[in-house]
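Reading through the structure tokens given below for one structure.
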Amino acid sequence: MTRSPDDPELRVGRARRDITGEPWGVGMMGYGMPEQWTRGILTRQYARAFVLDDGSERIAYVVADIGMFFQAAVTEIHERLEQRLGGLYTARNTVLTATHTHCGPGGHGRHTLYNITTAGFHPRTFERLVDGVVDAIEAAHRDAAPVTATLTRGQLTDASTNRSLPAFSRNPEADRAFFPESKDTLATLMRFERDGALVGSIHWFAVHNTSMTNHTTLISSDNKGWAALAWERSVPDLVAGFAQTNAGDISPNLHGRAGHGPTDEEQENTRVVAERQLASAQVLATAAGEALSPLLQARMTYVDLGRRTTPVGPTGRAVLGASFAAGTTDGEGSPMFRRGKRNPALQRLSEWLYGRSPALAAAHAPKDLFLPLGVLRWGQEVLPVQLVRIGSLYLICLPLEVTVTAGLRLRRLVAEILATDLDHVLVQGYANGFAHYMTTPEEYDEQDYEGGSTIFGRQQLPAVAEVVRDLAEAIRDGRPVDPGDPPPSHRVRWVAPTGSPRLEQPQRIEIRSAPTAVPTGWTVRVEVAADHPNAEIRPTYLVVERETPDGWETVADDSSFDTSIRWHRRGRRWDATITWVAGEPGTYRVTYVGRESATTEPITVA
């Protein structure tokens, strides 16, 4: 419905849908470790969608508990939105963002690089993601109603650290001075209220979603997903997104090593970092803030980042450097590689190639060349760059992991063009696709992990800045932009054989062992003769119930923080282990939800 410009209002809808993929037998996406395969569930994955409508423009915004959106899923989501909602939400005005958890099943892209450690494409995980996101957007569209929208900001100083200080220190003093703690501590909250009640919120804060380590084999939405679910469970009817910004060089492992900081236990670290983000959001949700006007704008264009020229030099076809293979302090990579210019064989090879190709040297030096993604077509080079306005807030939406200083330069550029405060501009990383990192040219020279993963070369940031400048000027001038040509279809379906339930031998589902009495706070362990978890990807695989005068009441399932479920294969048969941290005194029972259900005898908690 189109409203009169004399009677403006902002209508917002929100919805949450489960997108948890195959819980057994799929390589996890993020760390790229060949031995990190899903074996169960610690917390489930969700897509949280927000649809905004000012009467003449709409924006759909999604925060998904996944590592990243690949073009295969993005394209399919756009096609299904066209079928269901008739072109209301397109690549121009739909923002698909990832929290960047590294502990979700992969195989939902079709480029070779990302399917090596997942053994290929996983259609069921892909379908869970795509269908869940589209369902969430459609439900949010149906939910749209007038809201009061408010923007608040604060500082969050104890939930992150810079993991690449040598590279950060190469930046000019004017940039470094903006971040006295070498990290971006800005926390921004957009909240939506109906009749004075909080019904939706988006919290932006720069920190990697890597509290869980690369040894984890249970699906986890990590710190951002934990914070979102905890808030939603404490506030009825709330949908809470915890989104990324320029988190490229920012880690939640406060002691500088994976799984360390603020404690030495990864699940506890996840909880603590999540609670600090949640506390930030809750404080900002009660602050006065500024009212957001009902004004929405969106511009988007596709760019071939491997073939751009800038006044300071060209970009180059996508190449990963040796430092990429070495990994980060959040997750060490192959011991055969080192971060920085410390890979003699690749350094000599690179120098030889640079000497014979001045164009290659102009784009990628001093990178120690490792993997030519562009030439191999193992990754994406034509990528969307998007600028979205929601009231006074501008989001620079990029399919990249942007360092805080690279983000600062883009934010300053947009703020200057649009004559707004710097805090009114955020970089929305991990949006609408994935093409690894983006550093400043100075950081690139260090060739730490982030520089080695800046795949289009030293001038990638200046090239992206030119595109962002054009989008900002288009919004300022009220003119459309040429969207360019979308990336070519990459529909190679190297379908993974792993995780398939086809060879499963049916067996009776029953409880093998469970305690009958435990003290409060004790970890209850239930052993089950189970079925293949991928035979049907279920909304829950376990239920914990407490006996009440009115019957059995559900108190936990596999989305809860105090439960886990892990499967074990015995030839063609299956066992499952359920754990639950016993709550308040009472009588409980635990049910395994499979092809058939199996329930324990009552368990007394005292």
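Following the order of the structure tokens, first chain is A, next is B, and so on, with residues numbered from 1 inside each chain and ligands from 1 in the order they appear.
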
Which polymer residues have any atom within 8 Å of an atom of stretch 53-63 of chain A, counting only C-alpha atoms, with same-chain residues fewer than 2 positions away left out, as a PyMOL selection string?
-> chain A and resi 1-4+8-12+47-51+65+88-89+93-99+133+137+144+241-243+294-298

List every residue of stretch 336-538 of chain A that DSSP, applied to the backbone of this structure, assigns to strand (DSSP E), and report them as a PyMOL selection string.
-> chain A and resi 369-371+382-390+393-397+401-402+425-428+437-438+510-513+517-518+523-530

May I have the residues from that selection written out with N, CA and C atoms, as an mmCIF file, in the first residue's frame?
data_model
loop_
_atom_site.group_PDB
_atom_site.id
_atom_site.type_symbol
_atom_site.label_atom_id
_atom_site.label_comp_id
_atom_site.auth_asym_id
_atom_site.auth_seq_id
_atom_site.Cartn_x
_atom_site.Cartn_y
_atom_site.Cartn_z
ATOM 1 N N LEU A 369 52.373 -15.490 -3.546
ATOM 2 C CA LEU A 369 51.238 -16.076 -4.248
ATOM 3 C C LEU A 369 51.095 -17.556 -3.908
ATOM 4 N N PHE A 370 49.856 -17.984 -3.678
ATOM 5 C CA PHE A 370 49.617 -19.373 -3.301
ATOM 6 C C PHE A 370 48.566 -20.039 -4.184
ATOM 7 N N LEU A 371 47.350 -19.455 -4.246
ATOM 8 C CA LEU A 371 46.246 -20.138 -4.924
ATOM 9 C C LEU A 371 45.514 -19.151 -5.824
ATOM 10 N N VAL A 382 33.029 -11.351 -9.565
ATOM 11 C CA VAL A 382 31.998 -10.335 -9.781
ATOM 12 C C VAL A 382 31.116 -10.322 -8.531
ATOM 13 N N LEU A 383 31.096 -9.174 -7.863
ATOM 14 C CA LEU A 383 30.510 -9.115 -6.520
ATOM 15 C C LEU A 383 29.596 -7.909 -6.359
ATOM 16 N N PRO A 384 28.584 -8.021 -5.483
ATOM 17 C CA PRO A 384 27.698 -6.884 -5.250
ATOM 18 C C PRO A 384 28.280 -5.921 -4.211
ATOM 19 N N VAL A 385 28.156 -4.649 -4.484
ATOM 20 C CA VAL A 385 28.457 -3.592 -3.517
ATOM 21 C C VAL A 385 27.171 -2.793 -3.345
ATOM 22 N N GLN A 386 26.767 -2.576 -2.109
ATOM 23 C CA GLN A 386 25.436 -2.029 -1.828
ATOM 24 C C GLN A 386 25.541 -0.939 -0.763
ATOM 25 N N LEU A 387 24.709 0.080 -0.902
ATOM 26 C CA LEU A 387 24.602 1.122 0.118
ATOM 27 C C LEU A 387 23.133 1.289 0.447
ATOM 28 N N VAL A 388 22.813 1.175 1.731
ATOM 29 C CA VAL A 388 21.428 1.208 2.185
ATOM 30 C C VAL A 388 21.279 2.312 3.225
ATOM 31 N N ARG A 389 20.166 3.040 3.114
ATOM 32 C CA ARG A 389 19.843 4.063 4.110
ATOM 33 C C ARG A 389 18.576 3.666 4.850
ATOM 34 N N ILE A 390 18.653 3.719 6.189
ATOM 35 C CA ILE A 390 17.489 3.526 7.052
ATOM 36 C C ILE A 390 17.424 4.742 7.961
ATOM 37 N N LEU A 393 20.732 6.310 9.317
ATOM 38 C CA LEU A 393 21.796 5.313 9.334
ATOM 39 C C LEU A 393 22.082 4.809 7.920
ATOM 40 N N TYR A 394 23.382 4.768 7.567
ATOM 41 C CA TYR A 394 23.807 4.252 6.272
ATOM 42 C C TYR A 394 24.634 2.984 6.488
ATOM 43 N N LEU A 395 24.331 1.951 5.727
ATOM 44 C CA LEU A 395 25.062 0.691 5.791
ATOM 45 C C LEU A 395 25.787 0.461 4.473
ATOM 46 N N ILE A 396 27.116 0.347 4.542
ATOM 47 C CA ILE A 396 27.925 -0.003 3.385
ATOM 48 C C ILE A 396 28.023 -1.525 3.387
ATOM 49 N N CYS A 397 27.277 -2.169 2.512
ATOM 50 C CA CYS A 397 27.127 -3.626 2.549
ATOM 51 C C CYS A 397 28.099 -4.273 1.581
ATOM 52 N N GLU A 401 35.339 -9.402 4.502
ATOM 53 C CA GLU A 401 35.728 -9.227 5.895
ATOM 54 C C GLU A 401 36.651 -8.017 5.944
ATOM 55 N N VAL A 402 36.137 -6.923 6.462
ATOM 56 C CA VAL A 402 36.802 -5.625 6.367
ATOM 57 C C VAL A 402 37.485 -5.311 7.697
ATOM 58 N N VAL A 425 27.308 6.064 9.876
ATOM 59 C CA VAL A 425 27.722 5.196 8.778
ATOM 60 C C VAL A 425 28.412 3.966 9.358
ATOM 61 N N LEU A 426 27.948 2.777 8.961
ATOM 62 C CA LEU A 426 28.558 1.523 9.384
ATOM 63 C C LEU A 426 28.909 0.695 8.158
ATOM 64 N N VAL A 427 29.968 -0.088 8.287
ATOM 65 C CA VAL A 427 30.269 -1.102 7.287
ATOM 66 C C VAL A 427 29.547 -2.377 7.692
ATOM 67 N N GLN A 428 28.698 -2.874 6.810
ATOM 68 C CA GLN A 428 28.017 -4.146 7.035
ATOM 69 C C GLN A 428 28.784 -5.220 6.265
ATOM 70 N N TYR A 437 38.879 -11.142 2.450
ATOM 71 C CA TYR A 437 39.178 -9.975 3.288
ATOM 72 C C TYR A 437 39.410 -8.699 2.489
ATOM 73 N N MET A 438 39.448 -7.589 3.235
ATOM 74 C CA MET A 438 39.874 -6.321 2.662
ATOM 75 C C MET A 438 40.603 -5.525 3.731
ATOM 76 N N GLU A 510 15.646 -46.682 21.160
ATOM 77 C CA GLU A 510 15.350 -46.906 22.570
ATOM 78 C C GLU A 510 16.417 -46.272 23.442
ATOM 79 N N ILE A 511 16.061 -46.031 24.691
ATOM 80 C CA ILE A 511 17.013 -45.506 25.666
ATOM 81 C C ILE A 511 17.899 -46.648 26.129
ATOM 82 N N ARG A 512 19.204 -46.467 26.015
ATOM 83 C CA ARG A 512 20.145 -47.490 26.480
ATOM 84 C C ARG A 512 20.496 -47.285 27.939
ATOM 85 N N SER A 513 20.697 -46.035 28.340
ATOM 86 C CA SER A 513 21.025 -45.772 29.738
ATOM 87 C C SER A 513 20.703 -44.324 30.073
ATOM 88 N N ALA A 517 18.342 -40.316 39.263
ATOM 89 C CA ALA A 517 18.402 -39.231 40.249
ATOM 90 C C ALA A 517 19.759 -38.547 40.151
ATOM 91 N N VAL A 518 19.744 -37.212 40.140
ATOM 92 C CA VAL A 518 20.975 -36.419 40.072
ATOM 93 C C VAL A 518 20.797 -35.159 40.899
ATOM 94 N N THR A 523 25.487 -32.813 35.189
ATOM 95 C CA THR A 523 25.270 -33.060 33.767
ATOM 96 C C THR A 523 24.665 -34.449 33.579
ATOM 97 N N VAL A 524 23.413 -34.466 33.165
ATOM 98 C CA VAL A 524 22.715 -35.716 32.881
ATOM 99 C C VAL A 524 23.174 -36.233 31.518
ATOM 100 N N ARG A 525 23.484 -37.512 31.455
ATOM 101 C CA ARG A 525 23.953 -38.123 30.205
ATOM 102 C C ARG A 525 23.009 -39.257 29.842
ATOM 103 N N VAL A 526 22.422 -39.179 28.667
ATOM 104 C CA VAL A 526 21.462 -40.178 28.200
ATOM 105 C C VAL A 526 22.010 -40.814 26.933
ATOM 106 N N GLU A 527 22.116 -42.154 26.937
ATOM 107 C CA GLU A 527 22.581 -42.894 25.768
ATOM 108 C C GLU A 527 21.381 -43.508 25.058
ATOM 109 N N VAL A 528 21.352 -43.352 23.723
ATOM 110 C CA VAL A 528 20.186 -43.749 22.947
ATOM 111 C C VAL A 528 20.616 -44.603 21.755
ATOM 112 N N ALA A 529 19.884 -45.676 21.484
ATOM 113 C CA ALA A 529 19.966 -46.353 20.190
ATOM 114 C C ALA A 529 19.134 -45.520 19.230
ATOM 115 N N ALA A 530 19.788 -44.891 18.251
ATOM 116 C CA ALA A 530 19.168 -43.810 17.477
ATOM 117 C C ALA A 530 19.017 -44.196 16.010
#

With distances taken over only C-alpha atoms, the candidate from A:Arg458, A:Lys367, A:Arg191, A:His255 nearest A:Gly313 is A:Arg458

From a DSSP pass on the backbone, collect the residues of stretch 285-379 of chain A flagged as alpha helix (DSSP H) and hand them back as JSON, numbers by chain.
-> {"A": [285, 322, 323, 324, 325, 326, 344, 345, 346, 347, 348, 349, 350, 351, 352, 353, 354, 355, 356, 358, 359, 360, 361, 362, 363, 364, 373, 374, 375, 376]}

Just write the chosen residues, C-alpha atoms, as an mmCIF file, in the first residue's frame.
data_model
loop_
_atom_site.group_PDB
_atom_site.id
_atom_site.type_symbol
_atom_site.label_atom_id
_atom_site.label_comp_id
_atom_site.auth_asym_id
_atom_site.auth_seq_id
_atom_site.Cartn_x
_atom_site.Cartn_y
_atom_site.Cartn_z
ATOM 1 C CA ALA A 285 17.491 -0.584 24.274
ATOM 2 C CA ALA A 322 50.562 -18.063 1.648
ATOM 3 C CA SER A 323 49.425 -16.329 4.835
ATOM 4 C CA PHE A 324 45.889 -17.476 4.116
ATOM 5 C CA ALA A 325 46.968 -21.100 4.445
ATOM 6 C CA ALA A 326 48.717 -20.318 7.743
ATOM 7 C CA PRO A 344 60.769 -18.976 1.190
ATOM 8 C CA ALA A 345 59.661 -21.309 -1.620
ATOM 9 C CA LEU A 346 56.500 -19.341 -2.432
ATOM 10 C CA GLN A 347 58.374 -16.070 -2.008
ATOM 11 C CA ARG A 348 60.963 -17.090 -4.617
ATOM 12 C CA LEU A 349 58.229 -18.310 -6.963
ATOM 13 C CA SER A 350 56.290 -15.075 -6.510
ATOM 14 C CA GLU A 351 59.325 -12.916 -7.187
ATOM 15 C CA TRP A 352 59.968 -14.910 -10.373
ATOM 16 C CA LEU A 353 56.352 -14.420 -11.503
ATOM 17 C CA TYR A 354 56.392 -10.722 -10.577
ATOM 18 C CA GLY A 355 59.550 -10.247 -12.643
ATOM 19 C CA ARG A 356 57.845 -11.687 -15.712
ATOM 20 C CA PRO A 358 54.610 -6.311 -14.219
ATOM 21 C CA ALA A 359 50.794 -6.253 -14.144
ATOM 22 C CA LEU A 360 50.728 -9.095 -11.626
ATOM 23 C CA ALA A 361 53.338 -7.330 -9.504
ATOM 24 C CA ALA A 362 51.454 -4.028 -9.663
ATOM 25 C CA ALA A 363 48.329 -5.715 -8.343
ATOM 26 C CA HIS A 364 49.542 -8.295 -5.816
ATOM 27 C CA LEU A 373 41.237 -18.501 -7.380
ATOM 28 C CA GLY A 374 40.296 -16.294 -10.295
ATOM 29 C CA VAL A 375 42.084 -18.247 -13.005
ATOM 30 C CA LEU A 376 40.826 -21.544 -11.562
#

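The spacing separating atom CA of A:Leu292 from atom CA of A:Arg153 amounts to 13.2 Å.
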
Hey, what's within 7 Å of A:Arg572 if we count only C-alpha atoms and toss same-chain stuff fewer than 2 positions away? As a ChimeraX atom specification, please?
-> /A:503-505,569-570,574

Requested write-out: N, CA and C atoms of the selected residues, as a short mmCIF file (atom, residue, chain, number, x, y, z; two decimals), in the first residue's frame:
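See out.cif below for the written result:
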data_model
loop_
_atom_site.label_atom_id
_atom_site.label_comp_id
_atom_site.auth_asym_id
_atom_site.auth_seq_id
_atom_site.Cartn_x
_atom_site.Cartn_y
_atom_site.Cartn_z
N LEU A 503 22.31 -45.65 3.26
CA LEU A 503 22.80 -46.97 3.64
C LEU A 503 22.48 -47.32 5.09
N GLU A 504 21.67 -46.49 5.71
CA GLU A 504 21.33 -46.75 7.11
C GLU A 504 20.58 -48.07 7.25
N GLN A 505 20.90 -48.81 8.28
CA GLN A 505 20.16 -50.03 8.61
C GLN A 505 19.22 -49.71 9.76
N ARG A 569 28.35 -43.40 14.88
CA ARG A 569 27.98 -44.46 13.93
C ARG A 569 28.67 -45.76 14.33
N ARG A 570 27.91 -46.84 14.34
CA ARG A 570 28.44 -48.18 14.59
C ARG A 570 28.12 -49.03 13.36
N TRP A 574 23.29 -46.60 14.61
CA TRP A 574 23.58 -45.30 15.20
C TRP A 574 23.26 -45.28 16.69
#

Residues near A:Gly106, cut-off 9 Å, only C-alpha atoms, skip fewer than 4 positions along chain, as a PyMOL selection string = chain A and resi 21+26-30+66-67+114-115+117-118+120-122+125-126
